[in-house]
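Colleague: Contents are mmCIF, C-alpha atoms and all ligand atoms; file name start-v1.cif:
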data_start
#
loop_
_atom_site.label_atom_id
_atom_site.label_comp_id
_atom_site.auth_asym_id
_atom_site.auth_seq_id
_atom_site.Cartn_x
_atom_site.Cartn_y
_atom_site.Cartn_z
CA MET F 1 26.50 -2.65 -27.27
CA SER F 2 28.79 -4.25 -29.80
CA ASP F 3 31.57 -6.22 -28.27
CA ILE F 4 34.45 -7.40 -30.40
CA SER F 5 35.07 -10.28 -28.00
CA SER F 6 31.53 -11.66 -28.49
CA GLU F 7 30.86 -14.79 -30.54
CA PRO F 8 30.21 -14.51 -34.28
CA VAL F 9 26.53 -14.91 -35.16
CA PHE F 10 27.40 -15.20 -38.84
CA GLU F 11 30.59 -16.35 -40.42
CA PHE F 12 30.99 -16.49 -44.21
CA ARG F 13 33.96 -18.46 -45.53
CA GLY F 14 34.64 -18.17 -49.24
CA VAL F 15 30.96 -17.68 -50.04
CA SER F 16 30.00 -17.32 -53.71
CA LYS F 17 26.59 -17.13 -55.37
CA SER F 18 26.54 -17.51 -59.12
CA TYR F 19 23.85 -17.74 -61.77
CA GLN F 20 24.23 -19.41 -65.15
CA MET F 21 22.87 -17.02 -67.79
CA GLY F 22 23.17 -18.86 -71.12
CA GLU F 23 26.88 -19.08 -71.87
CA SER F 24 28.05 -16.77 -69.10
CA THR F 25 28.18 -17.07 -65.30
CA VAL F 26 27.06 -14.07 -63.25
CA TYR F 27 28.63 -13.81 -59.79
CA ALA F 28 26.24 -12.04 -57.40
CA LEU F 29 28.74 -12.81 -54.59
CA ASN F 30 32.37 -13.69 -55.16
CA GLU F 31 34.38 -15.47 -52.42
CA VAL F 32 33.10 -13.43 -49.51
CA ASP F 33 34.70 -13.80 -46.06
CA LEU F 34 32.78 -11.98 -43.34
CA GLN F 35 32.06 -12.18 -39.63
CA VAL F 36 29.15 -10.50 -37.84
CA ARG F 37 29.37 -10.67 -34.05
CA GLU F 38 26.57 -10.97 -31.52
CA GLY F 39 25.25 -7.52 -30.61
CA GLU F 40 26.76 -5.70 -33.62
CA PHE F 41 24.94 -2.92 -35.50
CA LEU F 42 26.23 -3.29 -39.06
CA ALA F 43 25.40 -1.22 -42.16
CA ILE F 44 25.92 -2.60 -45.67
CA LEU F 45 26.52 -0.03 -48.41
CA GLY F 46 27.15 -0.51 -52.11
CA PRO F 47 25.88 0.35 -55.57
CA SER F 48 22.77 -1.16 -57.14
CA GLY F 49 23.38 -4.71 -58.36
CA SER F 50 26.51 -5.15 -56.24
CA GLY F 51 25.16 -8.14 -54.27
CA LYS F 52 23.74 -6.61 -51.05
CA SER F 53 20.34 -8.36 -51.18
CA THR F 54 22.00 -11.63 -52.16
CA LEU F 55 24.28 -11.34 -49.11
CA MET F 56 21.31 -10.57 -46.85
CA HIS F 57 19.20 -13.43 -48.23
CA ILE F 58 22.00 -15.89 -47.54
CA MET F 59 22.53 -14.43 -44.03
CA GLY F 60 18.81 -14.66 -43.35
CA CYS F 61 18.61 -18.31 -44.50
CA MET F 62 16.32 -17.30 -47.39
CA ASP F 63 18.81 -18.60 -49.91
CA GLN F 64 21.91 -20.80 -50.01
CA PRO F 65 25.29 -20.13 -51.63
CA SER F 66 26.72 -21.89 -54.70
CA ALA F 67 30.02 -22.37 -52.87
CA GLY F 68 31.53 -21.77 -49.45
CA GLU F 69 30.45 -22.12 -45.83
CA VAL F 70 27.85 -20.07 -43.98
CA LEU F 71 27.99 -20.55 -40.23
CA LEU F 72 25.04 -19.34 -38.18
CA ASP F 73 25.83 -19.70 -34.47
CA GLY F 74 28.64 -22.03 -35.51
CA GLU F 75 26.41 -24.34 -37.57
CA ASP F 76 26.94 -24.60 -41.35
CA VAL F 77 23.62 -23.76 -43.02
CA ALA F 78 25.00 -23.66 -46.58
CA LYS F 79 23.84 -27.14 -47.46
CA VAL F 80 21.04 -28.05 -45.02
CA SER F 81 17.57 -29.06 -46.27
CA ALA F 82 14.97 -26.40 -47.07
CA SER F 83 12.82 -27.39 -44.09
CA LYS F 84 15.75 -27.22 -41.67
CA LEU F 85 16.72 -23.84 -43.15
CA ALA F 86 13.16 -22.55 -42.57
CA ARG F 87 13.27 -23.76 -38.95
CA VAL F 88 16.58 -21.99 -38.29
CA ARG F 89 15.26 -18.83 -39.92
CA ARG F 90 12.06 -18.77 -37.87
CA SER F 91 13.80 -19.31 -34.56
CA LYS F 92 16.62 -16.80 -34.97
CA VAL F 93 16.06 -14.19 -37.65
CA GLY F 94 13.65 -11.32 -38.36
CA PHE F 95 13.87 -10.26 -42.02
CA VAL F 96 12.64 -7.09 -43.73
CA PHE F 97 12.55 -7.68 -47.50
CA GLN F 98 13.44 -4.91 -49.93
CA THR F 99 10.15 -5.69 -51.71
CA PHE F 100 8.22 -6.20 -48.42
CA ASN F 101 6.73 -9.61 -49.44
CA LEU F 102 3.41 -9.09 -47.67
CA LEU F 103 0.63 -11.58 -48.37
CA PRO F 104 -2.00 -9.62 -50.34
CA LYS F 105 -5.03 -11.60 -49.12
CA LEU F 106 -4.25 -11.17 -45.42
CA SER F 107 -4.93 -8.00 -43.43
CA VAL F 108 -2.10 -5.93 -41.94
CA LEU F 109 -2.72 -7.54 -38.52
CA GLU F 110 -2.79 -11.08 -39.99
CA ASN F 111 0.42 -10.49 -41.97
CA VAL F 112 2.19 -9.47 -38.76
CA MET F 113 0.69 -12.37 -36.77
CA LEU F 114 1.87 -14.95 -39.30
CA PRO F 115 5.45 -15.57 -38.05
CA MET F 116 4.03 -16.25 -34.57
CA LEU F 117 1.46 -18.70 -35.92
CA TYR F 118 4.24 -20.53 -37.83
CA CYS F 119 5.94 -20.90 -34.44
CA HIS F 120 2.73 -22.44 -33.03
CA ARG F 121 1.94 -19.53 -30.72
CA LYS F 122 -1.68 -19.10 -29.59
CA ARG F 123 -3.82 -16.96 -31.88
CA ALA F 124 -4.88 -14.61 -29.06
CA ASP F 125 -1.23 -14.04 -28.05
CA ALA F 126 -0.23 -13.49 -31.68
CA ARG F 127 -3.02 -10.94 -32.11
CA LYS F 128 -1.99 -9.00 -28.99
CA ARG F 129 1.71 -8.98 -29.86
CA ALA F 130 1.06 -8.05 -33.52
CA ALA F 131 -1.03 -5.06 -32.35
CA GLU F 132 1.86 -4.03 -30.07
CA VAL F 133 4.52 -4.04 -32.80
CA LEU F 134 2.17 -2.28 -35.23
CA GLU F 135 1.82 0.45 -32.63
CA MET F 136 5.64 0.65 -32.38
CA VAL F 137 5.83 1.44 -36.11
CA GLY F 138 2.92 3.93 -35.93
CA LEU F 139 0.29 1.84 -37.74
CA SER F 140 -2.35 1.21 -35.05
CA ASP F 141 -4.94 2.87 -37.27
CA ARG F 142 -4.32 0.53 -40.22
CA VAL F 143 -4.54 -2.95 -38.68
CA GLY F 144 -7.66 -3.92 -40.65
CA HIS F 145 -6.39 -2.69 -44.02
CA MET F 146 -5.22 -5.03 -46.76
CA PRO F 147 -1.64 -4.46 -48.07
CA GLY F 148 -3.06 -3.17 -51.39
CA GLN F 149 -4.81 -0.38 -49.49
CA LEU F 150 -1.56 0.99 -48.02
CA SER F 151 1.08 3.42 -49.23
CA GLY F 152 4.59 2.15 -49.98
CA GLY F 153 5.96 3.56 -46.72
CA GLN F 154 3.11 1.98 -44.73
CA ARG F 155 3.79 -1.41 -46.35
CA GLN F 156 7.44 -1.04 -45.45
CA ARG F 157 6.48 -0.43 -41.81
CA VAL F 158 4.21 -3.51 -41.81
CA ALA F 159 7.19 -5.53 -43.07
CA ILE F 160 9.30 -4.09 -40.23
CA ALA F 161 6.59 -4.94 -37.65
CA ARG F 162 6.39 -8.49 -39.02
CA SER F 163 10.17 -8.92 -38.68
CA LEU F 164 10.01 -7.94 -34.99
CA VAL F 165 6.95 -9.88 -33.86
CA ASN F 166 8.87 -12.98 -32.65
CA ASP F 167 11.46 -10.77 -30.91
CA PRO F 168 14.34 -12.32 -32.91
CA ARG F 169 17.99 -12.16 -31.78
CA VAL F 170 19.02 -11.03 -35.25
CA ILE F 171 17.24 -8.40 -37.36
CA LEU F 172 18.17 -8.15 -41.05
CA ALA F 173 16.62 -5.27 -42.96
CA ASP F 174 17.11 -4.65 -46.70
CA GLU F 175 16.70 -0.89 -47.36
CA PRO F 176 14.20 -0.48 -44.49
CA THR F 177 13.92 3.28 -44.92
CA GLY F 178 13.96 3.38 -48.73
CA ASN F 179 10.28 4.38 -49.02
CA LEU F 180 9.95 6.49 -45.88
CA ASP F 181 9.76 10.25 -45.37
CA THR F 182 12.39 11.83 -43.11
CA ALA F 183 10.30 11.66 -39.91
CA SER F 184 9.23 8.02 -40.40
CA ALA F 185 12.78 7.03 -41.36
CA ARG F 186 14.09 8.62 -38.17
CA ARG F 187 11.49 6.74 -36.09
CA VAL F 188 12.38 3.43 -37.74
CA LEU F 189 16.11 4.03 -37.18
CA GLU F 190 15.46 4.87 -33.53
CA LEU F 191 13.55 1.62 -33.24
CA PHE F 192 16.49 -0.37 -34.66
CA GLY F 193 18.79 1.59 -32.30
CA GLU F 194 16.65 0.59 -29.29
CA LEU F 195 16.66 -3.06 -30.38
CA HIS F 196 20.43 -2.90 -30.65
CA GLU F 197 20.65 -1.33 -27.17
CA ARG F 198 18.62 -4.30 -25.92
CA GLY F 199 21.32 -6.63 -27.24
CA ARG F 200 19.92 -7.57 -30.63
CA THR F 201 22.22 -7.97 -33.64
CA VAL F 202 21.09 -5.56 -36.37
CA VAL F 203 22.20 -5.58 -40.02
CA LEU F 204 20.87 -2.92 -42.41
CA VAL F 205 21.34 -2.52 -46.15
CA THR F 206 21.18 1.09 -47.23
CA HIS F 207 22.04 3.45 -50.06
CA ASP F 208 21.99 6.35 -47.63
CA PRO F 209 25.28 7.20 -45.88
CA ARG F 210 23.27 9.05 -43.16
CA VAL F 211 21.61 5.77 -42.24
CA ALA F 212 25.03 4.17 -42.07
CA ASP F 213 26.03 6.82 -39.51
CA VAL F 214 23.81 5.25 -36.86
CA ALA F 215 25.49 1.86 -37.30
CA HIS F 216 28.70 0.98 -35.50
CA ARG F 217 30.41 -0.74 -38.40
CA THR F 218 30.00 -0.33 -42.15
CA ILE F 219 30.94 -2.72 -44.90
CA VAL F 220 30.86 -2.03 -48.63
CA VAL F 221 29.78 -4.52 -51.30
CA GLU F 222 31.12 -3.94 -54.80
CA ASP F 223 30.89 -6.41 -57.68
CA GLY F 224 30.04 -9.22 -55.27
CA ARG F 225 33.04 -8.56 -53.02
CA VAL F 226 32.98 -7.22 -49.47
CA SER F 227 35.37 -4.72 -47.91
CA GLU F 228 35.42 -3.04 -44.51
CA SER F 229 34.93 0.70 -44.95
CA GLY F 230 36.60 1.27 -41.54
CA ALA F 231 39.69 -0.54 -42.80
CA LEU F 232 39.60 1.59 -45.93
CA THR F 233 39.42 4.82 -43.89
CA SER F 234 42.31 3.83 -41.62
CA PHE F 235 44.27 2.74 -44.69
CA VAL F 236 43.79 6.21 -46.23
CA GLY F 237 44.76 7.72 -42.84
CA MET F 238 47.95 5.66 -42.74
CA VAL F 239 48.92 6.70 -46.24
CA LYS F 240 48.44 10.37 -45.31
CA GLU F 241 50.42 9.98 -42.10
CA SER F 242 53.31 8.17 -43.73
CA ASP F 243 53.28 10.72 -46.56
CA GLY F 244 53.80 13.47 -43.98
CA LYS F 245 56.60 11.63 -42.23
CA GLU F 246 58.48 10.69 -45.32
CA VAL F 247 58.79 14.20 -46.66
CA ARG F 248 62.28 15.21 -45.56
N1 LIG U 301 17.96 -14.96 -59.91
C1 LIG U 301 18.95 -14.31 -60.51
N2 LIG U 301 19.39 -14.68 -61.71
C2 LIG U 301 20.42 -14.04 -62.32
N3 LIG U 301 21.09 -13.00 -61.79
C3 LIG U 301 20.69 -12.57 -60.58
C4 LIG U 301 19.61 -13.19 -59.88
N4 LIG U 301 19.47 -12.55 -58.68
C5 LIG U 301 20.38 -11.57 -58.67
N5 LIG U 301 21.12 -11.58 -59.81
C6 LIG U 301 22.21 -10.64 -60.14
O1 LIG U 301 23.09 -10.57 -59.02
C7 LIG U 301 23.55 -9.24 -58.84
C8 LIG U 301 23.34 -8.81 -57.40
O2 LIG U 301 21.95 -8.65 -57.14
P1 LIG U 301 21.41 -8.08 -55.77
O3 LIG U 301 19.92 -8.12 -55.81
O4 LIG U 301 22.07 -8.80 -54.66
O5 LIG U 301 21.93 -6.56 -55.81
P2 LIG U 301 21.73 -5.36 -54.77
O6 LIG U 301 23.08 -4.90 -54.35
O7 LIG U 301 20.79 -5.77 -53.70
O8 LIG U 301 21.08 -4.23 -55.68
P3 LIG U 301 19.98 -3.08 -55.30
O9 LIG U 301 20.72 -2.02 -54.53
O10 LIG U 301 19.53 -2.60 -56.63
O11 LIG U 301 18.88 -3.72 -54.50
C9 LIG U 301 22.83 -8.38 -59.87
O12 LIG U 301 23.71 -8.10 -60.91
C10 LIG U 301 21.68 -9.23 -60.32
O13 LIG U 301 21.36 -8.97 -61.65
MG MG U 302 18.88 -5.15 -53.16
#
Write the structure described by the file as structure tokens, please.
Ligand SMILES: Nc1ncnc2c1ncn2[C@@H]1O[C@H](COP(=O)(O)OP(=O)(O)OP(=O)(O)O)[C@@H](O)[C@H]1O
Ligand SMILES: [Mg+2]

Modeller:
Amino acid sequence: MSDISSEPVFEFRGVSKSYQMGESTVYALNEVDLQVREGEFLAILGPSGSGKSTLMHIMGCMDQPSAGEVLLDGEDVAKVSASKLARVRRSKVGFVFQTFNLLPKLSVLENVMLPMLYCHRKRADARKRAAEVLEMVGLSDRVGHMPGQLSGGQRQRVAIARSLVNDPRVILADEPTGNLDTASARRVLELFGELHERGRTVVLVTHDPRVADVAHRTIVVEDGRVSESGALTSFVGMVKESDGKEVR
């Protein structure tokens, strides 16, 4: 369960990510301050192009900011070397990419085994565990397929299985139900719910407010800036309440 007294897993302090495009600078993230606590189930909402994937990539140590501090378990990962960043990522984070990022020349089973092999786990153990997580996402009958032989929704589920294979403390998923039918989406959300119940920190990007309903906290990204939707709701509530009281 989420616990507001638990330690922050992530802390962003004044984080910006900008790109130089000819004469102009594009800010994908603009001075973001954010804390995500151990055991939270957080949903990130926001329009297309608002900076959600950029935020997730920086959280997941896939990318580094142009400015600001990014603390992961209290350690600033904003400026560490690429190899150190990869080590941190492998040991702590499971990541589901919006575009899946499966390796086309490896089978479904091999794609899911890969994060374990990077962590120097035995091949036989990796094979057994990969088969287990593929069963969890309902793909036991596709282990020998190549990614190119799968549907979009099946590829998405392989990406989810791969993110879970090392049993990470933190699971970051960028639109994990975007390509799924209603039944598969429900199963995937239940799976994230179970992981959260088992104490994992789960962060999901979604366009779907129904997906956000299963999360315990929602933030909104707009034009590279982050706001708490809970704070927004209580702010609207306060305005209504004070409106009522002030009418005399
Ligand atoms: N490599 C890049 N070079 C230049 N601009 C970029 C680059 N990557 C992202 N951007 C810009 O940063 C902004 C945020 O992109 P991002 O992918 O984070 O959006 P998003 O909220 O995930 O959108 P979507 O919901 O469509 O996935 C966009 O305007 C995008 O064009
Ligand atoms: Mg995105």

Colleague: State, in Å with one decimal place, the distance from CA of Glu228 in chain F to CA of Phe10 in chain F.

Modeller: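 About the pair CA of Glu228 in chain F and CA of Phe10 in chain F: they are 15.6 Å apart.
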
Colleague: When you draw a straight line from CA of Ala78 in chain F to atom O7 of ligand LIG 301 (chain U), how long is it in Å?

Modeller: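 For CA of Ala78 in chain F relative to atom O7 of ligand LIG 301 (chain U), the distance reads 19.7 Å.
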
Colleague: Please determine, counting all atoms listed in the file, which residue among F:Leu55, F:Val211, F:Val203, F:Val220 has the shortest atom-to-atom distance to Thr182 in chain F.

Modeller: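 Ranking F:Leu55, F:Val211, F:Val203, F:Val220 by distance to Thr182 in chain F, first place goes to F:Val211.
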
Colleague: What's around Leu180 in chain F at 10 Å? Count only C-alpha atoms, leave out sequence neighbours fewer than 2 positions away in its own chain, and write the answer as a ChimeraX atom specification.

Modeller: /F:151-154,156-157,176-178,182-188

Colleague: Residues of chain F that approach ligand LIG 301 (chain U) to 10 Å or less, counting only C-alpha atoms and all ligand atoms: could you list each one with the shortest pair of atoms and its distance in Å to one decimal, rows by chain and increasing residue number, as a tab-separated table?

Modeller:
residue	atom	partner	partner_atom	distance
F:Lys17	CA	U:LIG301	O1	8.3
F:Ser18	CA	U:LIG301	N3	7.6
F:Tyr19	CA	U:LIG301	C2	5.1
F:Gln20	CA	U:LIG301	C2	7.2
F:Met21	CA	U:LIG301	C2	6.7
F:Thr25	CA	U:LIG301	C2	8.8
F:Val26	CA	U:LIG301	N3	6.2
F:Tyr27	CA	U:LIG301	O1	6.5
F:Ala28	CA	U:LIG301	O1	3.8
F:Leu29	CA	U:LIG301	C8	7.3
F:Ile44	CA	U:LIG301	O6	9.4
F:Leu45	CA	U:LIG301	O6	8.4
F:Gly46	CA	U:LIG301	O6	6.4
F:Pro47	CA	U:LIG301	O9	5.8
F:Ser48	CA	U:LIG301	O9	3.4
F:Gly49	CA	U:LIG301	O5	3.5
F:Ser50	CA	U:LIG301	O6	3.9
F:Gly51	CA	U:LIG301	O4	3.2
F:Lys52	CA	U:LIG301	O6	3.8
F:Ser53	CA	U:LIG301	O7	3.6
F:Thr54	CA	U:LIG301	O4	3.8
F:Leu55	CA	U:LIG301	O4	6.5
F:Met56	CA	U:LIG301	O4	8.0
F:His57	CA	U:LIG301	O4	8.4
F:Gln98	CA	U:LIG301	O11	7.2
F:Thr99	CA	U:LIG301	O11	9.4
F:Asp174	CA	U:LIG301	O7	8.0
F:Glu175	CA	U:LIG301	O11	8.0
F:Val205	CA	U:LIG301	O7	8.2
F:Thr206	CA	U:LIG301	O9	7.9
F:His207	CA	U:LIG301	O9	7.2
F:Val221	CA	U:LIG301	O6	7.4
F:Glu222	CA	U:LIG301	O6	8.1
F:Asp223	CA	U:LIG301	C8	7.9
F:Gly224	CA	U:LIG301	C8	7.0

Colleague: Rank nothing, just name the residue among F:Met62, F:Pro115, F:Ile219, F:Arg169 nearest to Leu102 in chain F, using all atoms listed in the file.

Modeller: F:Pro115

Colleague: Kindly indicate which residue among F:Leu204, F:Leu191, F:Ala161, F:Ala86 lies nearest to ligand MG 302 (chain U), using only C-alpha atoms and all ligand atoms for the distances.

Modeller: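 Using only C-alpha atoms and all ligand atoms, ligand MG 302 (chain U) sits closest to F:Leu204.
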